[in-house]
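Reading through the structure tokens given below for one structure.
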There are 2 protein chains.
Amino acid sequence: MGKPVDTRLRLIRAAEQLFRVQGFSGTGLKQVTAEAKAPWGSLYHFFPAGKAELGVEAARWAGAYYAEGWRRSFGWSDAPGEAIEQVFLMEAKILEGSDYRNGCPIASTTLDIASLDENLRLACNEAFDLWRAAIVAGFDAHGAPGEEAEALAAFVLSAMEGAITVARAAKSPEALVHTGRYVREAVDRAAQTWDDSR
Amino acid sequence: MGKPVDTRLRLIRAAEQLFRVQGFSGTGLKQVTAEAKAPWGSLYHFFPAGKAELGVEAARWAGAYYAEGWRRSFGWSDAPGEAIEQVFLMEAKILEGSDYRNGCPIASTTLDIASLDENLRLACNEAFDLWRAAIVAGFDAHGAPGEEAEALAAFVLSAMEGAITVARAAKSPEALVHTGRYVREAVDRAAQTWDDSR
DNA sequence: TCCGTTCTGGATCGATCAATCTAGACACAG
DNA sequence: CTGTGTCTAGATTGATCGATCCAGAACGGA
């Protein structure tokens with residue numbers, strides 16, 4: 001049982017990485033098996049429904065993995081605004097370190113195929129929702145009212161996704177740096193009204 | 001000369017519309033010619049370098065077209081923050097009216113191919129830059145300092161692009177509504193410090 | 001009118017796509 | 001040992017991809 005699960009996970013992770021660079025439609029299944037060093041036959045053994053099923057699993061995996069990253073990030077600072085700005089700056093480092101190839105697999109899958117495949121759209125939405133929930137939890141811990149936490153988290157997530165897109169087109173961290181600063185200010189300003197009963 | 005220019009433009013606009021829905025890689029050239037009601041041979045007559053050249057022209061067209069939209073939007077209100085929030089709300093209406101298919105052609109092209117084709121990446125960056133410049137001009141008209149106008153415009157553009165992406169995955173205008181409100185507050189707060197010598 | 005350029009309309013190509021199918025390797029149960 | 005189900009390995013398929021090629025229609029100037 002060690003090998004099979006391993007191969008399945010390697011396929012998912014390879015797909016997720018390729019989707020980040022070149023999107024869902026731009027990624028061939030042969031490329032995925034090559035990247036994962038997995039046999040072609042295994043792909044349809046683990047994902048009988050083919051590419052769409054692999055895409056759903058890749059979205060699920062990315063959703064869970066990066067939600068954990070958001071959760072951890074709130075431990076970086078007592079001020080939620082500062083913690084979130086650090087996420088923007090860290091993302092800028094990741095992009096720079098990959099020559100601006102390493103984007104968001106959920107965003108690229110959403111723009112490629114969310115309008116054509118309802119299952120994939122739902123999987124992408126669930127991933128975004130996990131991230132949004134992780135940000136909401138970070139705000140809740142600082143005593144934010146539920147409604148404001150939800151709206152603010154949607155704003156943080158949207159700003160992050162857009163800044164990554166613009167930064168990749170420009171091959172420059174500027175969009176992430178500037179956006180991170182304004183997002184931080186918005187969060188700080190909102191947090192001033194919360195009763196910080198940590 | 002009427003017909004040829006017309007066919008060329010129809011191909012560009014058909015490509016731009018299809019890229020919005022299903023991305024660059026997800027769009028076939030045969031689909032473009034069908035949508036444009038243009039003969040297959042004309043495609044390689046007007047765009048000898050093929051799909052990449054068509055993508056560059058589509059990005060250029062969208063860049064110029066929507067830059068004009070940003071410029072007009074600043075006429076909607078004397079307060080730049082309010083004008084920008086209106087753009088977010090109008091975009092929400094556009095998405096709702098197209099069942100969340102009608103996204104941003106530049107964003108989807110960027111995530112699909114910017115890492116693989118340098119010319120297309122530059123074309124996408126130029127489109128984003130035109131939009132950013134249009135927003136900067138709107139801030140300048142209200143007496144914003146140049147450096148702050150640039151940073152704030154990068155933030156506005158990033159937030160808009162990301163909110164569109166998240167809204168499409170969710171098939172809901174919420175991300176655009178919430179993000180628009182926080183962006184408006186950030187712009188209003190910045191604008192208070194400008195000497196409005198209109 | 002005639003000629004040359006521009007554009008159209010498809011046939012066609014090799015490559016690549018996602019997907020199917022089968023044969024055998026392998027682990028484990030009895 | 002034998003039998004059974006899981007996973008591997010890759011050949012193969014039909015469809016579709018982007019791209020090439022060419023014959024001829026349409027147009028405009030001489």
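Residues in the structure tokens are numbered from 1 in each chain, the chains being A, B, ... in the order shown, and ligands are numbered from 1 in the order shown.
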Query raised in the report: When the cut-off is 9 Å and we count only C-alpha atoms (C1' of nucleotides), which residues of chain B are near chain D, given as a VMD selection string?
Result: chain B and resid 1 28 to 29 44 50 to 51
Taking only residues of chain A that have an atom at most 12 Å from an atom of chain C, what is each one's shortest atom pair and its distance in Å to one decimal, using only C-alpha atoms (C1' of nucleotides), in chain and number order, as a tab-separated table?
```
residue	atom	partner	partner_atom	distance
A:Met1	CA	C:DA27	C1'	9.0
A:Gly2	CA	C:DA27	C1'	11.2
A:Lys3	CA	C:DC26	C1'	11.0
A:Pro4	CA	C:DC26	C1'	11.6
A:Ser25	CA	C:DC17	C1'	10.7
A:Gly26	CA	C:DC17	C1'	10.9
A:Thr27	CA	C:DC17	C1'	10.3
A:Gly28	CA	C:DC17	C1'	7.4
A:Leu29	CA	C:DA18	C1'	7.6
A:Lys30	CA	C:DC17	C1'	9.2
A:Gln31	CA	C:DT16	C1'	11.3
A:Trp40	CA	C:DA19	C1'	11.1
A:Gly41	CA	C:DC21	C1'	10.3
A:Leu43	CA	C:DA19	C1'	10.8
A:Tyr44	CA	C:DA19	C1'	8.6
A:His45	CA	C:DT20	C1'	11.8
A:Phe47	CA	C:DA19	C1'	11.6
A:Pro48	CA	C:DA19	C1'	9.8
A:Ala49	CA	C:DA19	C1'	9.5
A:Gly50	CA	C:DA19	C1'	7.6
A:Lys51	CA	C:DA18	C1'	7.6
A:Ala52	CA	C:DA18	C1'	10.5
```
Selection from above, C-alpha atoms, as a PDB file, in the first residue's frame, can you write it?
```pdb
ATOM      1  CA  MET A   1       0.000   0.000   0.000  1.00  0.00           C
ATOM      2  CA  GLY A   2       3.037   2.263   0.335  1.00  0.00           C
ATOM      3  CA  LYS A   3       3.751   2.508  -3.366  1.00  0.00           C
ATOM      4  CA  PRO A   4       0.219   3.122  -4.729  1.00  0.00           C
ATOM      5  CA  SER A  25      -5.695  23.548 -20.312  1.00  0.00           C
ATOM      6  CA  GLY A  26      -2.036  24.192 -21.054  1.00  0.00           C
ATOM      7  CA  THR A  27      -0.926  21.108 -19.168  1.00  0.00           C
ATOM      8  CA  GLY A  28      -0.890  17.732 -20.895  1.00  0.00           C
ATOM      9  CA  LEU A  29      -1.439  14.499 -19.002  1.00  0.00           C
ATOM     10  CA  LYS A  30       1.698  13.040 -20.512  1.00  0.00           C
ATOM     11  CA  GLN A  31       3.590  15.958 -19.022  1.00  0.00           C
ATOM     12  CA  TRP A  40       0.854   6.334 -17.780  1.00  0.00           C
ATOM     13  CA  GLY A  41      -1.412   3.468 -16.795  1.00  0.00           C
ATOM     14  CA  LEU A  43      -3.057   7.842 -14.064  1.00  0.00           C
ATOM     15  CA  TYR A  44      -6.278   6.226 -15.219  1.00  0.00           C
ATOM     16  CA  HIS A  45      -6.051   3.636 -12.462  1.00  0.00           C
ATOM     17  CA  PHE A  47      -8.284   8.848 -11.679  1.00  0.00           C
ATOM     18  CA  PRO A  48     -10.721   6.845 -13.823  1.00  0.00           C
ATOM     19  CA  ALA A  49     -12.622   9.970 -14.864  1.00  0.00           C
ATOM     20  CA  GLY A  50      -9.436  11.377 -16.385  1.00  0.00           C
ATOM     21  CA  LYS A  51      -8.139  14.909 -16.426  1.00  0.00           C
ATOM     22  CA  ALA A  52     -11.143  16.501 -14.756  1.00  0.00           C
TER      23      ALA A  52
END
```
Report task. Using only C-alpha atoms, determine which residues of chain A fall within 7 Å of chain B; present them as a PyMOL selection string. Result -> chain A and resi 21-23+25-26+101+107-108+110-115+121+124-125+151+154-155+158-163+165-166+169-170+175+178-179+186
Query raised in the report: Distance CA of Thr33 in chain A-CA of Phe46 in chain A, one decimal place?
Result: 12.2 Å
Requested in this report: Tell me, as a ChimeraX atom specification, which residues lie within 8 Å of Glu16 in chain A, counting only C-alpha atoms (C1' of nucleotides); anything in the same chain fewer than 6 positions away does not count.
Outcome: /A:55,58-59,62,105
